[in-house]
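A.B. asks: Next up is a structure, given as structure tokens.
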Amino acid sequence: MRATSTDSVSIDPGYRGGLAIPGWELFYRGKVRDLYRRPDDARHMLMVATDRLSAFDVVMNETVPDRGRVLTHITEYWTRQVESWLPAARITTDPAQVPGLPAELHGALRGRTTYTAEARRVDVEIVLRAYLAGSGWREYEKTGRMWDIALPPGLKNSSQLPEVVITPTTKSNEKDEPITWAQAAALIGNAADAETIRSLALRLFAEASTRCASRGVLLADTKFEFGRLDGKLVLIDEVLTPDSSRYWPADQVQPGAEPPSYDKEIVRAYLRSLKDWNRKPPPPPVPADIIQKTRARYLEICRILTGSLPEGVHG
Ligand SMILES: Nc1ncnc2c1ncn2[C@@H]1O[C@H](COP(=O)(O)OP(=O)(O)OP(=O)(O)O)[C@@H](O)[C@H]1O
Ligand SMILES: [Mg+2]
């Protein structure tokens, strides 16, 4: 869907067909982000966060207005908080600073684009957990451990862990599989870099947890991705967004119960209530009130974490 006005182009931000950006090629479509490159420059790319929404790994037909802007705003916020000690691959989120980006698209892309150096990705998801939840909880329920990590008996869903742990997974096009830290270190390539990633990730998690706690939010878990730029380790991809992290309202966490998370749980709950959807494409229609509630939830966590909303976004 595309509408043209006199001086700018407005797009349907969920644009399911991919936006044509003159001079750029769309070379990858994630569930949420579209990645573009200029044919003569393999060292940089443009990440466009759309408003697409996926649940159970299926992209819904509906989009959540401003979701891509919220995700970009939160990543940018955290990246700036830590940039003095943690280098990131991203260069700018200002469309006007992106070389060769047609001016008529700046307005439509503002707030949802990240121009970044293309790093050689480390194919490991660095998952950190402070609380038992999701796949970690399911594993503990079954085995009393979290894969190779021993845990005390008697923990419940959403119990705090004795200490923050890293439970890495592979990063692949297939399903991400849990691996040991030794396997992660082998994929990272050498012991020194593995140790650097480990300590940077733990420090980032600790700093983010402290900030969140001061705002009444618990950071239950998250995942980071790293890459190499000229041999140097840098942070890549989204950082501490509600898509990559579990944030919980601190006053609503009760071990044994699943706390309400600040993400697309509203959509997941709705989809779970449908008896006749097999969690494969095509997705069922998602009602407008579910979309609106999900949007409100994203705006709420954006405000709590960053103290602001993306430019031009109103609650
Ligand atoms: N600076 C960077 N250098 C290299 N790769 C990057 C960089 N930043 C992000 N990436 C990669 O770009 C992709 C971003 O797209 P996106 O997150 O939408 O898709 P995805 O993670 O592959 O799949 P999913 O839809 O499950 O999230 C990821 O594969 C991420 O690892
Ligand atoms: Mg991703």
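Note on naming: chains are A, B, ... as they come in the structure tokens, residues start from 1 per chain, ligands start from 1 in the order shown.
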Taking 3 positions as the minimum chain separation for residues in the same chain, which residues sit within 12 Å of Leu235 in chain A when counting only C-alpha atoms? Answer as a PDB file with N, CA and C atoms, in the first residue's frame.
C.D. replies:
```
ATOM      1  N   THR A  75      15.958   0.192  21.205  1.00  0.00           N
ATOM      2  CA  THR A  75      17.333  -0.247  20.898  1.00  0.00           C
ATOM      3  C   THR A  75      18.291   0.936  20.926  1.00  0.00           C
ATOM      4  N   GLU A  76      17.861   2.030  20.322  1.00  0.00           N
ATOM      5  CA  GLU A  76      18.712   3.218  20.264  1.00  0.00           C
ATOM      6  C   GLU A  76      18.986   3.753  21.676  1.00  0.00           C
ATOM      7  N   TRP A  78      19.084   2.081  24.579  1.00  0.00           N
ATOM      8  CA  TRP A  78      20.061   1.260  25.312  1.00  0.00           C
ATOM      9  C   TRP A  78      21.448   1.358  24.692  1.00  0.00           C
ATOM     10  N   THR A  79      21.497   1.410  23.367  1.00  0.00           N
ATOM     11  CA  THR A  79      22.800   1.502  22.706  1.00  0.00           C
ATOM     12  C   THR A  79      23.540   2.754  23.169  1.00  0.00           C
ATOM     13  N   ARG A  80      22.801   3.848  23.288  1.00  0.00           N
ATOM     14  CA  ARG A  80      23.432   5.098  23.741  1.00  0.00           C
ATOM     15  C   ARG A  80      23.833   5.056  25.200  1.00  0.00           C
ATOM     16  N   VAL A  82      25.099   2.768  26.829  1.00  0.00           N
ATOM     17  CA  VAL A  82      26.301   1.984  27.111  1.00  0.00           C
ATOM     18  C   VAL A  82      27.428   2.226  26.115  1.00  0.00           C
ATOM     19  N   GLU A  83      27.242   3.192  25.207  1.00  0.00           N
ATOM     20  CA  GLU A  83      28.204   3.294  24.104  1.00  0.00           C
ATOM     21  C   GLU A  83      29.619   3.668  24.556  1.00  0.00           C
ATOM     22  N   TRP A  85      31.356   2.227  26.745  1.00  0.00           N
ATOM     23  CA  TRP A  85      32.179   1.027  26.990  1.00  0.00           C
ATOM     24  C   TRP A  85      31.821  -0.162  26.116  1.00  0.00           C
ATOM     25  N   LEU A  86      30.699  -0.051  25.392  1.00  0.00           N
ATOM     26  CA  LEU A  86      30.287  -1.185  24.553  1.00  0.00           C
ATOM     27  C   LEU A  86      30.062  -0.703  23.131  1.00  0.00           C
ATOM     28  N   PRO A  87      30.994  -0.981  22.225  1.00  0.00           N
ATOM     29  CA  PRO A  87      30.828  -0.510  20.855  1.00  0.00           C
ATOM     30  C   PRO A  87      29.731  -1.279  20.128  1.00  0.00           C
ATOM     31  N   ALA A  88      28.967  -0.549  19.307  1.00  0.00           N
ATOM     32  CA  ALA A  88      27.898  -1.172  18.520  1.00  0.00           C
ATOM     33  C   ALA A  88      28.178  -0.934  17.038  1.00  0.00           C
ATOM     34  N   ALA A  89      27.580  -1.781  16.214  1.00  0.00           N
ATOM     35  CA  ALA A  89      27.791  -1.656  14.761  1.00  0.00           C
ATOM     36  C   ALA A  89      26.983  -0.512  14.172  1.00  0.00           C
ATOM     37  N   ARG A  90      25.924  -0.118  14.859  1.00  0.00           N
ATOM     38  CA  ARG A  90      25.016   0.845  14.249  1.00  0.00           C
ATOM     39  C   ARG A  90      25.652   2.233  14.124  1.00  0.00           C
ATOM     40  N   ILE A  91      25.316   2.893  13.043  1.00  0.00           N
ATOM     41  CA  ILE A  91      25.919   4.191  12.748  1.00  0.00           C
ATOM     42  C   ILE A  91      24.938   5.317  13.031  1.00  0.00           C
ATOM     43  N   THR A 116      23.669   0.689   9.516  1.00  0.00           N
ATOM     44  CA  THR A 116      24.654  -0.003  10.345  1.00  0.00           C
ATOM     45  C   THR A 116      25.778  -0.582   9.500  1.00  0.00           C
ATOM     46  N   ALA A 117      26.950  -0.658  10.113  1.00  0.00           N
ATOM     47  CA  ALA A 117      28.028  -1.395   9.470  1.00  0.00           C
ATOM     48  C   ALA A 117      27.637  -2.864   9.500  1.00  0.00           C
ATOM     49  N   GLU A 118      27.908  -3.556   8.420  1.00  0.00           N
ATOM     50  CA  GLU A 118      27.566  -4.976   8.398  1.00  0.00           C
ATOM     51  C   GLU A 118      28.708  -5.755   9.041  1.00  0.00           C
ATOM     52  N   ALA A 119      28.411  -6.327  10.187  1.00  0.00           N
ATOM     53  CA  ALA A 119      29.447  -7.046  10.924  1.00  0.00           C
ATOM     54  C   ALA A 119      29.452  -8.511  10.501  1.00  0.00           C
ATOM     55  N   ARG A 120      30.568  -9.170  10.756  1.00  0.00           N
ATOM     56  CA  ARG A 120      30.575 -10.624  10.570  1.00  0.00           C
ATOM     57  C   ARG A 120      29.931 -11.206  11.821  1.00  0.00           C
ATOM     58  N   ARG A 121      28.737 -11.726  11.658  1.00  0.00           N
ATOM     59  CA  ARG A 121      27.965 -12.117  12.828  1.00  0.00           C
ATOM     60  C   ARG A 121      28.567 -13.337  13.520  1.00  0.00           C
ATOM     61  N   VAL A 122      28.581 -13.285  14.851  1.00  0.00           N
ATOM     62  CA  VAL A 122      28.890 -14.467  15.644  1.00  0.00           C
ATOM     63  C   VAL A 122      27.582 -15.254  15.734  1.00  0.00           C
ATOM     64  N   GLU A 125      23.351 -16.898  19.879  1.00  0.00           N
ATOM     65  CA  GLU A 125      22.511 -15.956  20.607  1.00  0.00           C
ATOM     66  C   GLU A 125      22.929 -16.015  22.064  1.00  0.00           C
ATOM     67  N   ILE A 126      23.334 -14.870  22.590  1.00  0.00           N
ATOM     68  CA  ILE A 126      23.781 -14.817  23.976  1.00  0.00           C
ATOM     69  C   ILE A 126      22.544 -14.534  24.831  1.00  0.00           C
ATOM     70  N   THR A 196      35.430 -12.152  26.428  1.00  0.00           N
ATOM     71  CA  THR A 196      35.032 -10.745  26.249  1.00  0.00           C
ATOM     72  C   THR A 196      33.515 -10.648  26.077  1.00  0.00           C
ATOM     73  N   ILE A 197      32.965 -11.492  25.237  1.00  0.00           N
ATOM     74  CA  ILE A 197      31.514 -11.466  25.016  1.00  0.00           C
ATOM     75  C   ILE A 197      30.786 -11.758  26.321  1.00  0.00           C
ATOM     76  N   LEU A 200      31.069  -8.649  28.629  1.00  0.00           N
ATOM     77  CA  LEU A 200      30.280  -7.512  28.118  1.00  0.00           C
ATOM     78  C   LEU A 200      28.783  -7.784  28.297  1.00  0.00           C
ATOM     79  N   ALA A 201      28.374  -9.001  27.988  1.00  0.00           N
ATOM     80  CA  ALA A 201      26.945  -9.346  28.076  1.00  0.00           C
ATOM     81  C   ALA A 201      26.471  -9.275  29.527  1.00  0.00           C
ATOM     82  N   LEU A 204      26.248  -5.584  30.548  1.00  0.00           N
ATOM     83  CA  LEU A 204      25.089  -4.935  29.936  1.00  0.00           C
ATOM     84  C   LEU A 204      23.802  -5.376  30.638  1.00  0.00           C
ATOM     85  N   LYS A 223      18.242 -11.522  25.042  1.00  0.00           N
ATOM     86  CA  LYS A 223      19.330 -12.096  24.228  1.00  0.00           C
ATOM     87  C   LYS A 223      20.061 -10.977  23.482  1.00  0.00           C
ATOM     88  N   PHE A 224      21.371 -11.144  23.412  1.00  0.00           N
ATOM     89  CA  PHE A 224      22.207 -10.205  22.661  1.00  0.00           C
ATOM     90  C   PHE A 224      22.862 -10.934  21.499  1.00  0.00           C
ATOM     91  N   GLU A 225      23.184 -10.149  20.471  1.00  0.00           N
ATOM     92  CA  GLU A 225      23.979 -10.697  19.368  1.00  0.00           C
ATOM     93  C   GLU A 225      25.220  -9.839  19.202  1.00  0.00           C
ATOM     94  N   PHE A 226      26.315 -10.493  18.871  1.00  0.00           N
ATOM     95  CA  PHE A 226      27.571  -9.794  18.633  1.00  0.00           C
ATOM     96  C   PHE A 226      28.073 -10.107  17.233  1.00  0.00           C
ATOM     97  N   GLY A 227      28.957  -9.236  16.755  1.00  0.00           N
ATOM     98  CA  GLY A 227      29.597  -9.486  15.465  1.00  0.00           C
ATOM     99  C   GLY A 227      31.005  -8.922  15.511  1.00  0.00           C
ATOM    100  N   ARG A 228      31.717  -9.077  14.422  1.00  0.00           N
ATOM    101  CA  ARG A 228      33.077  -8.525  14.346  1.00  0.00           C
ATOM    102  C   ARG A 228      33.156  -7.506  13.221  1.00  0.00           C
ATOM    103  N   LEU A 229      33.769  -6.375  13.572  1.00  0.00           N
ATOM    104  CA  LEU A 229      34.034  -5.327  12.583  1.00  0.00           C
ATOM    105  C   LEU A 229      35.527  -5.106  12.589  1.00  0.00           C
ATOM    106  N   LYS A 232      37.149  -6.533  15.529  1.00  0.00           N
ATOM    107  CA  LYS A 232      36.777  -6.068  16.860  1.00  0.00           C
ATOM    108  C   LYS A 232      35.330  -6.469  17.179  1.00  0.00           C
ATOM    109  N   GLU A 238      18.936  -5.873  17.477  1.00  0.00           N
ATOM    110  CA  GLU A 238      18.136  -5.138  18.457  1.00  0.00           C
ATOM    111  C   GLU A 238      18.698  -5.362  19.851  1.00  0.00           C
ATOM    112  N   VAL A 239      18.495  -4.378  20.726  1.00  0.00           N
ATOM    113  CA  VAL A 239      19.074  -4.438  22.063  1.00  0.00           C
ATOM    114  C   VAL A 239      17.991  -4.179  23.102  1.00  0.00           C
ATOM    115  N   LEU A 240      17.731  -5.168  23.932  1.00  0.00           N
ATOM    116  CA  LEU A 240      16.844  -5.015  25.083  1.00  0.00           C
ATOM    117  C   LEU A 240      15.461  -4.493  24.700  1.00  0.00           C
TER     118      LEU A 240
END
```
A.B. asks: Using DSSP on the backbone, list every residue of range 33-185 of chain A that comes out as strand (DSSP E or B), and give them as number ranges by chain.
C.D. replies: A: 33-38, 41-49, 52-55, 58-63, 88, 90-92, 113-117, 120-121, 124-131, 145-146, 149-150, 160-166, 169-170, 178
A.B. asks: Tell me, counting only C-alpha atoms, for each residue of range 197-264 of chain A within 12 Å of range 45-68 of chain A, which pair of atoms is nearest and how far apart they are in Å to one decimal, in rows ordered by chain and increasing number, as a tab-separated table.
C.D. replies:
```
residue	atom	partner	partner_atom	distance
A:Ile236	CA	A:Met47	CA	11.2
A:Asp237	CA	A:Met47	CA	9.0
A:Glu238	CA	A:Ala49	CA	9.9
A:Thr241	CA	A:Gly68	CA	10.7
A:Pro242	CA	A:Arg67	CA	10.4
A:Asp243	CA	A:Leu53	CA	10.0
A:Asp263	CA	A:Arg67	CA	10.5
A:Lys264	CA	A:Ala55	CA	7.6
```
A.B. asks: List all protein, DNA and RNA residues that have any atom at most 8 Å from ligand 2, counting only C-alpha atoms and all ligand atoms, and write the list as a list in words.
C.D. replies: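 Written in the requested form, the residues are Gly30, Lys31, Val32, Arg33, Asp237, Glu238 and Ser244 of chain A.
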A.B. asks: With N, CA and C atoms kept, could you save the residues just selected as an mmCIF file, in the first residue's frame?
C.D. replies:
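Writing done, so here's again.cif:
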```cif
data_model
loop_
_atom_site.group_PDB
_atom_site.id
_atom_site.type_symbol
_atom_site.label_atom_id
_atom_site.label_comp_id
_atom_site.auth_asym_id
_atom_site.auth_seq_id
_atom_site.Cartn_x
_atom_site.Cartn_y
_atom_site.Cartn_z
ATOM 1 N N GLY A 30 13.454 -10.485 7.555
ATOM 2 C CA GLY A 30 13.179 -11.215 8.784
ATOM 3 C C GLY A 30 11.683 -11.164 9.029
ATOM 4 N N LYS A 31 11.273 -11.648 10.153
ATOM 5 C CA LYS A 31 9.844 -11.563 10.438
ATOM 6 C C LYS A 31 9.450 -10.109 10.690
ATOM 7 N N VAL A 32 10.375 -9.329 11.230
ATOM 8 C CA VAL A 32 10.068 -7.948 11.573
ATOM 9 C C VAL A 32 10.866 -6.955 10.725
ATOM 10 N N ARG A 33 12.145 -7.230 10.566
ATOM 11 C CA ARG A 33 13.020 -6.279 9.892
ATOM 12 C C ARG A 33 13.269 -6.647 8.433
ATOM 13 N N ASP A 237 22.290 -5.852 16.012
ATOM 14 C CA ASP A 237 20.878 -6.218 16.072
ATOM 15 C C ASP A 237 20.130 -5.409 17.125
ATOM 16 N N GLU A 238 18.936 -5.873 17.477
ATOM 17 C CA GLU A 238 18.136 -5.138 18.457
ATOM 18 C C GLU A 238 18.698 -5.362 19.851
ATOM 19 N N SER A 244 13.086 -9.004 22.252
ATOM 20 C CA SER A 244 14.253 -9.833 22.568
ATOM 21 C C SER A 244 14.380 -10.077 24.065
#
```
A.B. asks: Restricting the calculation to only C-alpha atoms and all ligand atoms, which member of A:Asn157, A:Ala257, A:Tyr36, A:Pro168 is positioned closest to ligand 1?
C.D. replies: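 Among the listed residues, A:Tyr36 lies closest to ligand 1.
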A.B. asks: Show which residues sit within 12 Å of Arg297 in chain A, as a ChimeraX atom specification. Count only C-alpha atoms, and ignore same-chain residues fewer than 4 positions away.
C.D. replies: /A:64-67,70,242,247-249,260-267,290-293,301-304,315
A.B. asks: Those same residues, written as a compact mmCIF listing (two decimals), in the first residue's frame with N, CA and C atoms?
C.D. replies:
```txt
# COMPACT_ATOMS: atom_id res chain seq x y z
N VAL A 64 0.92 -3.80 13.83
CA VAL A 64 0.68 -3.02 15.04
C VAL A 64 1.28 -1.64 14.82
N PRO A 65 0.41 -0.62 14.64
CA PRO A 65 0.94 0.70 14.27
C PRO A 65 2.04 1.16 15.23
N ASP A 66 3.14 1.62 14.68
CA ASP A 66 4.28 2.19 15.41
C ASP A 66 5.17 1.15 16.10
N ARG A 67 4.86 -0.12 15.97
CA ARG A 67 5.68 -1.12 16.66
C ARG A 67 7.15 -1.06 16.23
N VAL A 70 8.82 1.83 17.92
CA VAL A 70 9.08 1.57 19.34
C VAL A 70 10.32 0.67 19.49
N PRO A 242 11.34 -5.31 23.87
CA PRO A 242 10.40 -6.30 24.41
C PRO A 242 10.31 -7.54 23.51
N TYR A 247 10.26 -8.43 29.98
CA TYR A 247 10.13 -7.42 31.03
C TYR A 247 8.86 -7.70 31.82
N TRP A 248 8.96 -7.62 33.14
CA TRP A 248 7.78 -7.85 33.98
C TRP A 248 7.56 -6.67 34.91
N PRO A 249 6.29 -6.31 35.16
CA PRO A 249 6.03 -5.31 36.21
C PRO A 249 6.47 -5.91 37.55
N PRO A 260 2.47 -10.96 33.81
CA PRO A 260 2.11 -10.36 32.52
C PRO A 260 3.36 -9.71 31.91
N SER A 261 3.71 -10.07 30.69
CA SER A 261 4.93 -9.49 30.13
C SER A 261 4.58 -8.31 29.23
N TYR A 262 5.57 -7.46 29.01
CA TYR A 262 5.34 -6.28 28.18
C TYR A 262 5.63 -6.61 26.73
N ASP A 263 4.91 -7.51 26.14
CA ASP A 263 5.17 -7.80 24.73
C ASP A 263 3.88 -8.27 24.07
N LYS A 264 4.02 -9.21 23.16
CA LYS A 264 2.85 -9.60 22.37
C LYS A 264 2.05 -10.71 23.03
N GLU A 265 2.16 -10.82 24.35
CA GLU A 265 1.43 -11.87 25.06
C GLU A 265 -0.08 -11.78 24.82
N ILE A 266 -0.57 -10.55 24.67
CA ILE A 266 -2.01 -10.36 24.43
C ILE A 266 -2.42 -11.09 23.14
N VAL A 267 -1.58 -10.98 22.11
CA VAL A 267 -1.88 -11.66 20.85
C VAL A 267 -1.76 -13.17 21.02
N ILE A 290 -7.52 -6.35 19.92
CA ILE A 290 -6.31 -7.05 20.35
C ILE A 290 -5.07 -6.29 19.85
N ILE A 291 -5.16 -5.82 18.61
CA ILE A 291 -4.06 -5.03 18.04
C ILE A 291 -3.88 -3.74 18.85
N GLN A 292 -4.98 -3.07 19.18
CA GLN A 292 -4.88 -1.81 19.92
C GLN A 292 -4.29 -2.02 21.31
N LYS A 293 -4.71 -3.09 21.97
CA LYS A 293 -4.18 -3.37 23.32
C LYS A 293 -2.68 -3.70 23.24
N ILE A 301 5.70 0.18 27.68
CA ILE A 301 7.05 -0.24 28.07
C ILE A 301 8.09 0.72 27.48
N CYS A 302 7.78 1.28 26.31
CA CYS A 302 8.69 2.25 25.71
C CYS A 302 8.84 3.47 26.63
N ARG A 303 7.70 3.96 27.13
CA ARG A 303 7.71 5.11 28.04
C ARG A 303 8.44 4.79 29.33
N ILE A 304 8.17 3.61 29.87
CA ILE A 304 8.80 3.25 31.15
C ILE A 304 10.32 3.17 30.98
N GLY A 315 0.28 8.35 22.29
CA GLY A 315 -0.41 7.23 22.94
C GLY A 315 -1.91 7.30 22.85
```
A.B. asks: Identify all residues of range 148-303 of chain A in helix (DSSP H, G or I) (DSSP on the backbone) and supply them as an NGL selection string.
C.D. replies: :A and (181-188 or 191-213 or 250-252 or 265-273 or 288-303)
A.B. asks: If I take CA of Tyr115 in chain A and CA of Arg295 in chain A, how far is one from the other in Å, to one decimal?
C.D. replies: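 Straight-line distance from CA of Tyr115 in chain A to CA of Arg295 in chain A works out to 25.0 Å.
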A.B. asks: Within 8 Å of range 174-187 of chain A, counting only C-alpha atoms, which residues show up once you throw out same-chain ones fewer than 5 positions away? Write them as an NGL selection string, please.
C.D. replies: :A and (122-124 or 147-148 or 166-169 or 194)
